[in-house]
Amino acid sequence: MNPVSPTKEILVKMIKDDGVFPNNDKLPLIIYIGAIELSSSDPSDTIRALFQTNGWENSWVDGIYSFDHYHSNTHEVLGIARGNATVLLGGPRSGITAPVGAGDVILIPAGVAHKKVESTRDFTVVGAYPKGDDFDMFYGKKEERPRADKRIHDVSLPPNDPVYGDSGPVFEQWLHS
């Protein structure tokens, strides 16, 4: 069974450098609303399998940290397996606050800060990276830059969309920009 929902709403937001967090001035943040139809038995496995099929690997199951952080060496996809949350994407100066729930997916370009603001107790996320990349952690400290800026600039585009494979928002928003 294909877990991808036939109806999709896609939110696209460019989040630029705010002086603290580099964010990404070339690639927009993408939120796929209701993109995955989840089974009640094990939604985490459904999301992991979908991401892996589309070349997004090195997955984990957990939550989202409640402090601002970003990855300078890879893009990250977060699939919401259970519960609901409010997340801050891009940092407190220039970011956006977004409600997310089970079946939603957040595609975070390298450099974009993210954190959980609040959530239900059952909030569970599956994270993964293109081609199984390892990730680093940065926190918006002045000494992290310009090293982080160079690394963000050097991150390659993913070969596939984490939800739709060889089509979808990655191709529409990232590869053709």
# chains A, B, ... in the order shown; residues from 1 in each chain; ligands from 1
>>> residues_around(residues="Asn54 of chain A", least_positions_apart="4", cutoff="9 Å", atoms="only C-alpha atoms", output="VMD selection string")
chain A and resid 49 to 50 130 159 to 166
>>> write_last_selection(atoms="N, CA and C atoms", output="compact mmCIF listing (two decimals), in the first residue's frame")
# COMPACT_ATOMS: atom_id res chain seq x y z
N ALA A 49 9.92 3.68 6.11
CA ALA A 49 9.97 2.94 4.84
C ALA A 49 9.81 3.87 3.65
N LEU A 50 8.89 4.83 3.75
CA LEU A 50 8.70 5.79 2.66
C LEU A 50 9.96 6.62 2.43
N PRO A 130 19.23 12.94 3.29
CA PRO A 130 19.45 12.42 1.94
C PRO A 130 20.70 11.54 1.88
N PRO A 159 18.84 13.77 -4.21
CA PRO A 159 18.47 13.17 -5.49
C PRO A 159 16.96 12.97 -5.65
N ASN A 160 16.23 12.90 -4.54
CA ASN A 160 14.80 12.62 -4.59
C ASN A 160 14.05 13.42 -3.54
N ASP A 161 12.76 13.61 -3.80
CA ASP A 161 11.86 14.17 -2.81
C ASP A 161 11.62 13.10 -1.75
N PRO A 162 11.63 13.44 -0.45
CA PRO A 162 11.46 12.41 0.57
C PRO A 162 10.08 11.75 0.59
N VAL A 163 9.07 12.44 0.07
CA VAL A 163 7.71 11.89 0.06
C VAL A 163 7.33 11.34 -1.31
N TYR A 164 7.60 12.11 -2.37
CA TYR A 164 7.10 11.77 -3.70
C TYR A 164 8.15 11.16 -4.63
N GLY A 165 9.36 10.95 -4.13
CA GLY A 165 10.38 10.29 -4.94
C GLY A 165 10.89 11.16 -6.08
N ASP A 166 10.61 10.75 -7.30
CA ASP A 166 11.15 11.45 -8.47
C ASP A 166 10.27 12.59 -8.98
>>> select_by_dssp(residues="segment 51-158 of chain A", states="alpha helix (DSSP H)", output="JSON, numbers by chain")
{"A": [51, 52, 53, 91, 92, 93, 94, 147, 148, 149, 150, 151, 152, 153, 154]}
>>> write_last_selection(atoms="all heavy atoms", output="CSV table (one decimal), in the first residue's frame")
chain,number,residue,atom,x,y,z
A,51,PHE,N,10.5,7.1,3.5
A,51,PHE,CA,11.7,7.9,3.3
A,51,PHE,C,12.9,7.1,2.7
A,51,PHE,O,13.6,7.5,1.8
A,51,PHE,CB,12.2,8.5,4.7
A,51,PHE,CG,11.3,9.6,5.2
A,51,PHE,CD1,11.5,10.0,6.5
A,51,PHE,CD2,10.3,10.2,4.5
A,51,PHE,CE1,10.7,11.1,7.1
A,51,PHE,CE2,9.6,11.3,5.0
A,51,PHE,CZ,9.7,11.7,6.3
A,52,GLN,N,13.0,5.9,3.3
A,52,GLN,CA,14.1,5.0,2.8
A,52,GLN,C,13.9,4.7,1.3
A,52,GLN,O,14.9,4.7,0.5
A,52,GLN,CB,14.2,3.7,3.6
A,52,GLN,CG,15.4,2.9,3.1
A,52,GLN,CD,15.7,1.8,4.1
A,52,GLN,OE1,15.2,1.7,5.2
A,52,GLN,NE2,16.6,0.9,3.7
A,53,THR,N,12.7,4.4,0.9
A,53,THR,CA,12.4,4.1,-0.5
A,53,THR,C,12.9,5.3,-1.4
A,53,THR,O,13.3,5.1,-2.5
A,53,THR,CB,10.9,3.9,-0.7
A,53,THR,OG1,10.6,2.7,0.0
A,53,THR,CG2,10.5,3.7,-2.2
A,91,GLY,N,14.3,30.3,13.6
A,91,GLY,CA,14.7,31.1,14.7
A,91,GLY,C,13.7,32.2,15.1
A,91,GLY,O,12.8,32.5,14.3
A,92,PRO,N,13.9,32.8,16.3
A,92,PRO,CA,12.9,33.7,16.8
A,92,PRO,C,12.9,35.1,16.1
A,92,PRO,O,11.9,35.8,16.1
A,92,PRO,CB,13.3,33.9,18.3
A,92,PRO,CG,14.7,33.5,18.4
A,92,PRO,CD,14.9,32.4,17.3
A,93,ARG,N,13.9,35.5,15.4
A,93,ARG,CA,14.0,36.8,14.8
A,93,ARG,C,13.3,36.8,13.4
A,93,ARG,O,12.6,37.8,13.1
A,93,ARG,CB,15.4,37.2,14.5
A,93,ARG,CG,16.2,37.6,15.8
A,93,ARG,CD,17.5,38.0,15.4
A,93,ARG,NE,18.2,38.5,16.6
A,93,ARG,CZ,19.4,39.0,16.5
A,93,ARG,NH1,20.1,39.1,15.4
A,93,ARG,NH2,20.0,39.5,17.6
A,94,SER,N,13.5,35.8,12.6
A,94,SER,CA,12.9,35.8,11.2
A,94,SER,C,12.1,34.5,10.9
A,94,SER,O,11.7,34.3,9.8
A,94,SER,CB,14.0,36.0,10.2
A,94,SER,OG,14.9,34.9,10.2
A,147,ARG,N,32.4,29.1,9.4
A,147,ARG,CA,32.5,27.7,9.1
A,147,ARG,C,31.2,27.1,8.7
A,147,ARG,O,31.1,26.4,7.7
A,147,ARG,CB,33.1,26.9,10.3
A,147,ARG,CG,33.2,25.5,10.0
A,147,ARG,CD,33.9,24.8,11.2
A,147,ARG,NE,33.8,23.3,11.0
A,147,ARG,CZ,33.2,22.5,11.9
A,147,ARG,NH1,32.7,23.0,13.0
A,147,ARG,NH2,33.2,21.2,11.7
A,148,ALA,N,30.1,27.4,9.5
A,148,ALA,CA,28.8,26.8,9.2
A,148,ALA,C,28.3,27.4,7.8
A,148,ALA,O,27.7,26.6,7.0
A,148,ALA,CB,27.8,27.1,10.3
A,149,ASP,N,28.5,28.7,7.6
A,149,ASP,CA,28.1,29.2,6.3
A,149,ASP,C,28.6,28.5,5.1
A,149,ASP,O,27.9,28.3,4.1
A,149,ASP,CB,28.4,30.7,6.2
A,149,ASP,CG,27.7,31.6,7.3
A,149,ASP,OD1,26.6,31.1,7.8
A,149,ASP,OD2,28.2,32.7,7.6
A,150,LYS,N,29.9,28.3,5.1
A,150,LYS,CA,30.6,27.6,4.0
A,150,LYS,C,30.0,26.2,3.9
A,150,LYS,O,29.7,25.7,2.7
A,150,LYS,CB,32.1,27.5,4.2
A,150,LYS,CG,32.8,26.8,3.1
A,150,LYS,CD,34.3,26.7,3.2
A,150,LYS,CE,35.0,26.0,2.1
A,150,LYS,NZ,34.2,25.2,1.1
A,151,ARG,N,29.8,25.5,5.0
A,151,ARG,CA,29.3,24.1,4.9
A,151,ARG,C,27.9,24.1,4.3
A,151,ARG,O,27.6,23.2,3.5
A,151,ARG,CB,29.3,23.4,6.3
A,151,ARG,CG,30.8,23.2,6.7
A,151,ARG,CD,30.8,22.5,8.0
A,151,ARG,NE,30.6,21.1,7.8
A,151,ARG,CZ,30.6,20.2,8.8
A,151,ARG,NH1,30.9,20.5,10.0
A,151,ARG,NH2,30.4,18.9,8.5
A,152,ILE,N,27.1,25.0,4.7
A,152,ILE,CA,25.7,25.1,4.2
A,152,ILE,C,25.7,25.3,2.7
A,152,ILE,O,25.0,24.7,1.9
A,152,ILE,CB,24.9,26.3,4.9
A,152,ILE,CG1,24.7,25.9,6.4
A,152,ILE,CG2,23.6,26.6,4.2
A,152,ILE,CD1,24.3,27.1,7.2
A,153,HIS,N,26.6,26.2,2.3
A,153,HIS,CA,26.7,26.5,0.8
A,153,HIS,C,27.1,25.3,0.0
A,153,HIS,O,26.7,25.1,-1.1
A,153,HIS,CB,27.7,27.7,0.6
A,153,HIS,CG,28.0,28.0,-0.8
A,153,HIS,ND1,27.1,28.7,-1.6
A,153,HIS,CD2,29.1,27.7,-1.6
A,153,HIS,CE1,27.6,28.8,-2.8
A,153,HIS,NE2,28.8,28.2,-2.8
A,154,ASP,N,27.9,24.4,0.6
A,154,ASP,CA,28.5,23.3,-0.1
A,154,ASP,C,27.6,22.0,0.0
A,154,ASP,O,27.9,21.0,-0.7
A,154,ASP,CB,29.8,22.9,0.5
A,154,ASP,CG,30.9,23.9,0.2
A,154,ASP,OD1,30.7,24.7,-0.7
A,154,ASP,OD2,32.0,23.9,0.9
>>> atom_distance(atom1="atom CA of Asp42 of chain A", atom2="atom CA of Gly79 of chain A")
13.2 Å
>>> residues_around(residues="segment 11-15 of chain A", least_positions_apart="4", cutoff="8 Å", atoms="only C-alpha atoms", output="list in words")
Asn23, Asn24, Asp25, Lys26, Leu27, Pro28, Leu29, Ile30, Ile31, Tyr32, Ile33, Gly90, Ser94, Gly95 and Val112 of chain A
>>> write_last_selection(atoms="N, CA, C and O atoms", output="short mmCIF file (atom, residue, chain, number, x, y, z; two decimals), in the first residue's frame")
data_model
loop_
_atom_site.label_atom_id
_atom_site.label_comp_id
_atom_site.auth_asym_id
_atom_site.auth_seq_id
_atom_site.Cartn_x
_atom_site.Cartn_y
_atom_site.Cartn_z
N ASN A 23 20.12 30.16 8.42
CA ASN A 23 18.97 29.73 7.63
C ASN A 23 19.45 29.40 6.23
O ASN A 23 20.53 28.86 6.08
N ASN A 24 18.69 29.67 5.19
CA ASN A 24 19.13 29.28 3.85
C ASN A 24 18.55 30.28 2.86
O ASN A 24 17.34 30.38 2.71
N ASP A 25 19.42 31.01 2.18
CA ASP A 25 18.95 32.04 1.25
C ASP A 25 18.72 31.52 -0.16
O ASP A 25 18.34 32.28 -1.04
N LYS A 26 18.91 30.21 -0.36
CA LYS A 26 18.70 29.63 -1.69
C LYS A 26 17.54 28.63 -1.74
O LYS A 26 16.86 28.52 -2.75
N LEU A 27 17.35 27.90 -0.64
CA LEU A 27 16.33 26.84 -0.63
C LEU A 27 15.24 27.14 0.39
O LEU A 27 15.54 27.41 1.54
N PRO A 28 13.99 27.05 0.00
CA PRO A 28 12.92 27.30 0.96
C PRO A 28 12.63 26.08 1.85
O PRO A 28 12.86 24.94 1.46
N LEU A 29 12.11 26.38 3.01
CA LEU A 29 11.54 25.37 3.90
C LEU A 29 10.26 24.87 3.22
O LEU A 29 9.53 25.66 2.61
N ILE A 30 9.98 23.58 3.31
CA ILE A 30 8.77 23.02 2.71
C ILE A 30 8.02 22.21 3.77
O ILE A 30 8.61 21.34 4.41
N ILE A 31 6.73 22.49 3.94
CA ILE A 31 5.90 21.71 4.84
C ILE A 31 4.80 21.05 4.01
O ILE A 31 4.05 21.72 3.32
N TYR A 32 4.74 19.73 4.06
CA TYR A 32 3.76 18.94 3.35
C TYR A 32 2.64 18.64 4.36
O TYR A 32 2.85 17.88 5.29
N ILE A 33 1.48 19.22 4.17
CA ILE A 33 0.37 19.01 5.11
C ILE A 33 -0.41 17.76 4.72
O ILE A 33 -0.86 17.62 3.58
N GLY A 90 13.36 28.57 11.69
CA GLY A 90 14.08 29.75 11.26
C GLY A 90 14.56 30.65 12.37
O GLY A 90 15.18 31.66 12.13
N SER A 94 13.45 35.76 12.60
CA SER A 94 12.87 35.79 11.25
C SER A 94 12.10 34.53 10.89
O SER A 94 11.69 34.35 9.75
N GLY A 95 11.92 33.65 11.87
CA GLY A 95 11.29 32.38 11.59
C GLY A 95 9.78 32.42 11.58
O GLY A 95 9.16 33.47 11.75
N VAL A 112 18.75 25.92 8.37
CA VAL A 112 17.51 26.47 8.91
C VAL A 112 17.32 25.98 10.35
O VAL A 112 17.25 24.77 10.60
#
>>> closest_residue(among="A:Arg145, A:Lys8, A:Lys16, A:Arg82", to="Ile96 of chain A", atoms="only C-alpha atoms")
A:Lys16
>>> select_by_dssp(residues="segment 21-175 of chain A", states="strand (DSSP E or B)", output="PyMOL selection string")
chain A and resi 24-33+36+56-62+69-70+76-82+84-89+96-101+105-108+114-119+124-130+138+161+165
>>> residues_around(residues="Val117 of chain A", least_positions_apart="6", cutoff="9 Å", atoms="only C-alpha atoms", output="list in words")
Tyr65, Ser66, Phe67, Ala85, Thr86, Val87, Leu88 and Thr97 of chain A
>>> residues_around(residues="Ser41 of chain A", least_positions_apart="4", cutoff="12 Å", atoms="only C-alpha atoms", output="PyMOL selection string")
chain A and resi 45-46+81-82
>>> closest_residue(among="A:Gly127, A:Ser156, A:Leu89, A:Ala113", to="Arg48 of chain A", atoms="only C-alpha atoms")
A:Gly127
>>> atom_distance(atom1="atom CA of Ser72 of chain A", atom2="atom CA of Lys131 of chain A")
15.7 Å
>>> atom_distance(atom1="atom CA of Thr120 of chain A", atom2="atom CA of Asp62 of chain A")
13.2 Å
